[in-house]
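The next block holds one structure in the form of structure tokens; read it before the comments.
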Amino acid sequence: MSHNLLLNTEIDILVLLLVACLSAIALKQLKFPYTVGLVIIGLILSGLAKNISSLEVINTFRLSEELILFIFVPPLIFESALNLDSRLLLRNLSPVLVLAAPGLLISTAIVGIVLAWLTPLSLGQALLFGSLISATDPVAVIALFKELGVPKQLAILVEGESLFNDATAIVTFNIILGVIAAGVLGSNAIQQGTVAFLVSFIGGILVGTIFGYLMRSTMNLAKNNPLILATITTITAYGAFLIAEEIFNVSPVMSVVSAGLVIGWYKSNRLEKETREYIAEFWEYTAFLANSLVFLLVGITASSFRFFAQLSQTQYLLSTLGITILTVLIARAIVIFTLIPLVNFFSKTKIPVSYQLVSYWGGLRGAVCLALALSIDAEFPNRDLIIILTLGIALFTLLIPGTTIGKLIQILQLNRPSILEQVGQAIAIVIAKKEA
């Protein structure tokens with residue numbers, strides 16, 4: 001029987017979902033982080049597939065720029081924005097924006113300058129790599145923190161930063177790529193880059209907000225039909241991304257975030273409880289599917305690039321990766337432990353040191369970084385090195401901080417409910433017993 005492309009893709013997806021389901025069951029029994037475990041399983045399966053013919057289908061499906069940005073990113077970002085506490089976000093907007101914009105630019109500069117000095121990358125190439133690797137990836141961070149359970153303020157800080165700086169990273173990446181292509185870096189290039197950044201960032205917010213309100217009006221017509229409402233929210237997630245990217249050429253990530261916040265407010269304030277719960281469960285399932293596939297594919301893609309084989313064959317490449325990991329960690333530390341105390345000095349809402357530590361160690365990198373690296377033209381100098389370094393950082397942050405951050409949260413006692421929450425829980429129990 002001859003299999004066409006569509007049928008092969010269907011088989012690949014079904015195999016990956018089956019692996020994800022079995023992995024979820026096993027990882028829950030082992031009490032191991034689900035998303036991190038999937039990366040390890042993806043690496044193992046891809047390695048086995050090279051020697052076992054019955055598993056060959058595993059290596060026929062891997063991550064690409066289009067798959068990450070156009071298929072996986074919109075629902076994951078929308079689901080996070082949909083459930084984000086907008087009031088708490090506003091109270092913590094200062095540290096979120098400071099980390100997402102100035103913080104990312106500072107990290108890009110540090111990584112770029114150090115790697116241009118210590119590695120084969122030129123200054124332009126190193127800055128390009130710095131821009132794509134400096135943003136914490138919402139696909140990785142949001143999935144992990146949902147499993148761990150953290151205080152609301154910390155969750156907002158981490159999720160908000162990851163959502164906003166992902167948009168910042170994409171814009172900065174494209175600006176640096178344009179400067180490299182032009183071959184000129186002067187005051188005009190800096191001015192044009194600044195204008196392009198503001199237009200893309202603010203434009204994305206406007207497009208997403210307007211589109212969100214339009215889709216909210218559509219939802220008014222189907223208030224009591226959860227199936228239609230869930231479908232409309234799906235259209236909103238992908239539509240906000242595509243309209244911003246393909247029509248207005250502004251930040252698609254900010255467009256999805258804005259549309260998600262608009263729909264999230266509508267869901268919380270205008271829909272009945274049963275409908276809210278249905279939509280929440282629908283998007284929880286959608287996020288589970290996307291996370292399962294994307295993290296499995298991170299492991300499979302790393303194996304398909306012969307990542308570990310190349311590192312073992314070339315001592316210089318291994319040392320370059322070591323320098324890169326150390327540089328990224330130092331840049332992240334400088335950003336977190338200088339900018340947040342500075343924000344604390346001027347803000348009424350303080351970010352404690354324990355939150356800063358978790359934010360630092362929880363700065364994982366993942367699929368979005370890979371998407372930007374894979375989008376680089378094949379003729380670009382040192383493209384393969386940039387991809388290898390990106391894979392190395394992503395795997396390191398997922399396998400080391402990703403597996404130890406839970407222990408850090410326990411040591412800092414951030415997994416315990418606050419006094420206010422404990423009192424509220426006690427009151428709820430007393431009321432329930434009286435009613436019974």
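Residue numbering restarts at 1 for every chain of the structure tokens, chains are lettered A, B, ... in their displayed order, and ligands are numbered from 1 as they appear.
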
**OP:** Write out as a PyMOL selection string each polymer residue whose atoms come within 12 Å of Ile133 in chain A, counting only C-alpha atoms; drop sequence neighbours fewer than 2 positions from it.
**Re:** chain A and resi 104-105+107-112+126-131+135-137+165-166+168-170+172-173+324-325+327-329+331-332+363-373+386-387+389-394+397

Original post:
Can you tell me, as a PyMOL selection string, what residues are no more than 7 Å from range 333-346 of chain A when counting only C-alpha atoms, ignoring any on the same chain fewer than 4 positions away?
Top reply: chain A and resi 95+103+107+329+350-351+356+360

Residues of the last selection are to be written out with N, CA and C atoms, as a short mmCIF file (atom, residue, chain, number, x, y, z; two decimals), in the first residue's frame.
```
data_model
loop_
_atom_site.label_atom_id
_atom_site.label_comp_id
_atom_site.auth_asym_id
_atom_site.auth_seq_id
_atom_site.Cartn_x
_atom_site.Cartn_y
_atom_site.Cartn_z
N PRO A 95 8.14 45.30 36.50
CA PRO A 95 9.22 44.32 36.38
C PRO A 95 9.12 43.45 35.14
N GLY A 103 15.93 44.25 29.65
CA GLY A 103 16.63 43.04 30.10
C GLY A 103 17.10 42.18 28.95
N SER A 107 21.03 41.45 27.88
CA SER A 107 21.50 40.07 27.75
C SER A 107 22.04 39.81 26.35
N LEU A 329 24.19 32.02 31.25
CA LEU A 329 23.82 32.00 32.66
C LEU A 329 24.26 33.29 33.36
N LYS A 350 6.90 44.82 45.58
CA LYS A 350 8.27 44.32 45.68
C LYS A 350 8.35 42.87 45.20
N ILE A 351 9.48 42.55 44.59
CA ILE A 351 9.78 41.18 44.17
C ILE A 351 10.84 40.63 45.11
N GLN A 356 13.26 36.11 42.72
CA GLN A 356 14.33 36.41 41.77
C GLN A 356 15.16 35.16 41.46
N TYR A 360 15.39 33.40 37.87
CA TYR A 360 16.70 33.18 37.22
C TYR A 360 16.87 31.74 36.78
#
```

**OP:** Measure the distance from CA of Pro33 in chain A to CA of Leu414 in chain A in Å and round it to one decimal.
**Re:** 17.2 Å

Original post:
Hey, what does DSSP flag as alpha helix (DSSP H) within range 26-234 of chain A? Can you give it to me as a PyMOL selection string?
Top reply: chain A and resi 26-30+34-49+65-66+73-82+86-91+93-98+104-118+123-133+138-148+152-182+187-220+226-234

Do a neighbour search on range 82-89 of chain A at 9 Å with only C-alpha atoms, toss out local chain neighbours closer than 5 positions, and write the hits as a tab-separated table (two decimals) with C-alpha atoms, in the first residue's frame.
```
chain	number	residue	atom	x	y	z
A	77	ILE	CA	0.52	31.66	24.12
A	96	VAL	CA	7.70	42.29	33.54
A	152	LYS	CA	0.57	33.87	41.84
A	153	GLN	CA	2.93	36.85	41.81
A	156	ILE	CA	2.78	36.29	36.71
A	157	LEU	CA	6.38	37.51	36.76
A	159	GLU	CA	4.80	34.00	32.51
A	160	GLY	CA	4.51	37.73	31.79
A	257	VAL	CA	-1.28	37.91	23.93
A	259	ALA	CA	-6.39	38.94	21.98
A	260	GLY	CA	-6.06	36.30	24.72
A	261	LEU	CA	-6.32	38.92	27.48
A	262	VAL	CA	-9.44	40.42	25.87
A	263	ILE	CA	-11.14	37.02	25.52
A	264	GLY	CA	-9.96	36.02	29.00
A	265	TRP	CA	-11.68	39.04	30.57
A	267	LYS	CA	-14.74	34.60	29.72
A	280	ALA	CA	-10.91	26.13	30.32
A	283	TRP	CA	-7.70	24.94	26.20
```

Original post:
With only C-alpha atoms as the basis for distance, which of A:Leu7, A:Ile106, A:Ile388, A:Ile40 is at the shortest distance from Arg306 in chain A?
Top reply: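 Looking at the shortest contact to Arg306 in chain A, the residue is A:Ile388.
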
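The two atoms in question, CA of Val36 in chain A and CA of Leu398 in chain A, are spaced 5.8 Å apart.
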
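Among the candidates A:Phe248, A:Ser359, A:Gly402, A:Pro120, the one nearest to Leu317 in chain A when counting only C-alpha atoms is A:Pro120.
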
Original post:
With only C-alpha atoms as the atoms that count, which of A:Leu177, A:Ala182, A:Leu14, A:Ala116 lies nearest to Leu293 in chain A?
Top reply: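 Closest to Leu293 in chain A, using only C-alpha atoms: A:Leu14.
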